[in-house]
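Inspection log for the structure reproduced underneath, given as structure tokens.
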Amino acid sequence: MRAAIVEAPGKVTVTTVPDPTPGPRDVVVSVASCGLCGTDLHILQGEFAPTLPIVPGHEFAGEVVGVGRDVTELSVGDLVAVDPSLHCHECRYCRSGRGNLCDRWAAIGVTVPGGAAEYAVAPVANCVRLPRHIDVKDAALIEPLSCAVRGYDVLSGTLGAEVLIYGSGTMGLMMLELAKRTGAAGVDVLDVNPDRLATAGLLGCSRTAASADELERPGGWDVVIDATGNAKAIQDGLGRVAKGGTFLQFGVADYATTAVIEPYRIYNQEITITGSMAVLHSYERAAALFATGVLDPSVFISDRLPLEQYPQAVERFAAGHGRKIVVEP
């Protein structure tokens, strides 16, 4: 089969590799689409993936074309989206229900071969069957949506909150859509990319701007979400949280990124600073939301490229062009 391979830091190619073979409780998925995200750029930089080479791609969906001998839950022909998270189920975090913090955390497309290929293998427990009315080529959006659902689980949203989101890429826009549906009184979105910012306006945010200085809210925002991973945005966002408010670090920053906090202000104003790591008990809910049309794929997916153009897709994504970019084998 054909697959994209991150061979070494900064080097990605598309080549022929052996077809995957399912284990007893695995299925083989014929990949319909595979999305790119910031994690893929980190892997290309030599971060996250413990060893290279690796077939990337942790946002994918497709059709089951093979099942292991002990699989009874799915059949050939079923449409599925795949939760990439692989937990050990033995460490203290897994045993306390915090598998996303697993001491042996692994993921399809990060530590084991992923969906940037014609076929991918996944545990049957990680596959969510999709209803037939969903276009499976759009269903690569379910994985990032499940991360956004996890983010809102962490926030434990308060009705009537004023929300500020840094970044109007795929994840910022998903956080916008969920904020609208979890009772926010207003949702403002910041981005230096005018094309992406225009999409936030199209989706019905309250206000858009390139900088929070352009928006009138002297007391700050109840909820501030960084969906960029950018050091300047994070630092600015920490200073925009209202008394009693919450700052959510949702964007994936580089390992070396740092920010300065003001301990007295955090104490005196009872500000919460928290993070949201990937997926936790949120994948099935994201799939259910997606099936109801919570996202418009035509808005979120800006580019569809063939698998053979995976290197070009990465370049386009790294340059900040478009929104969600998917490759289709």
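Just remember, in the structure tokens the first chain shown is A, the second B, etc., residues are 1-based per chain, and ligands are 1-based in the order shown.
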Compile the contact shell of range 306-321 of chain A as a VMD selection string: residues with an atom at most 12 Å away, counting only C-alpha atoms, same-chain residues fewer than 4 positions apart removed. chain A and resid 1 to 7 10 to 16 31 to 45 55 to 57 115 to 119 167 to 170 191 to 196 228 301 to 302 325 to 329
One decimal, in Å: what's the spacing between CA of Gly66 in chain A and CA of Cys127 in chain A? 13.0 Å
Using only C-alpha atoms for the distances, tell me which of A:Cys91, A:Ala161, A:Ile225, A:Ala148 is nearest to Val189 in chain A.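 Of the candidates, the smallest distance to Val189 in chain A is held by A:Ile225.
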Name the closest residue to Gly201 in chain A among the candidates A:Val223, A:Ala61, A:Val124, A:Val187; distances are taken between atoms, counting only C-alpha atoms.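 Closest to Gly201 in chain A, using only C-alpha atoms: A:Val187.
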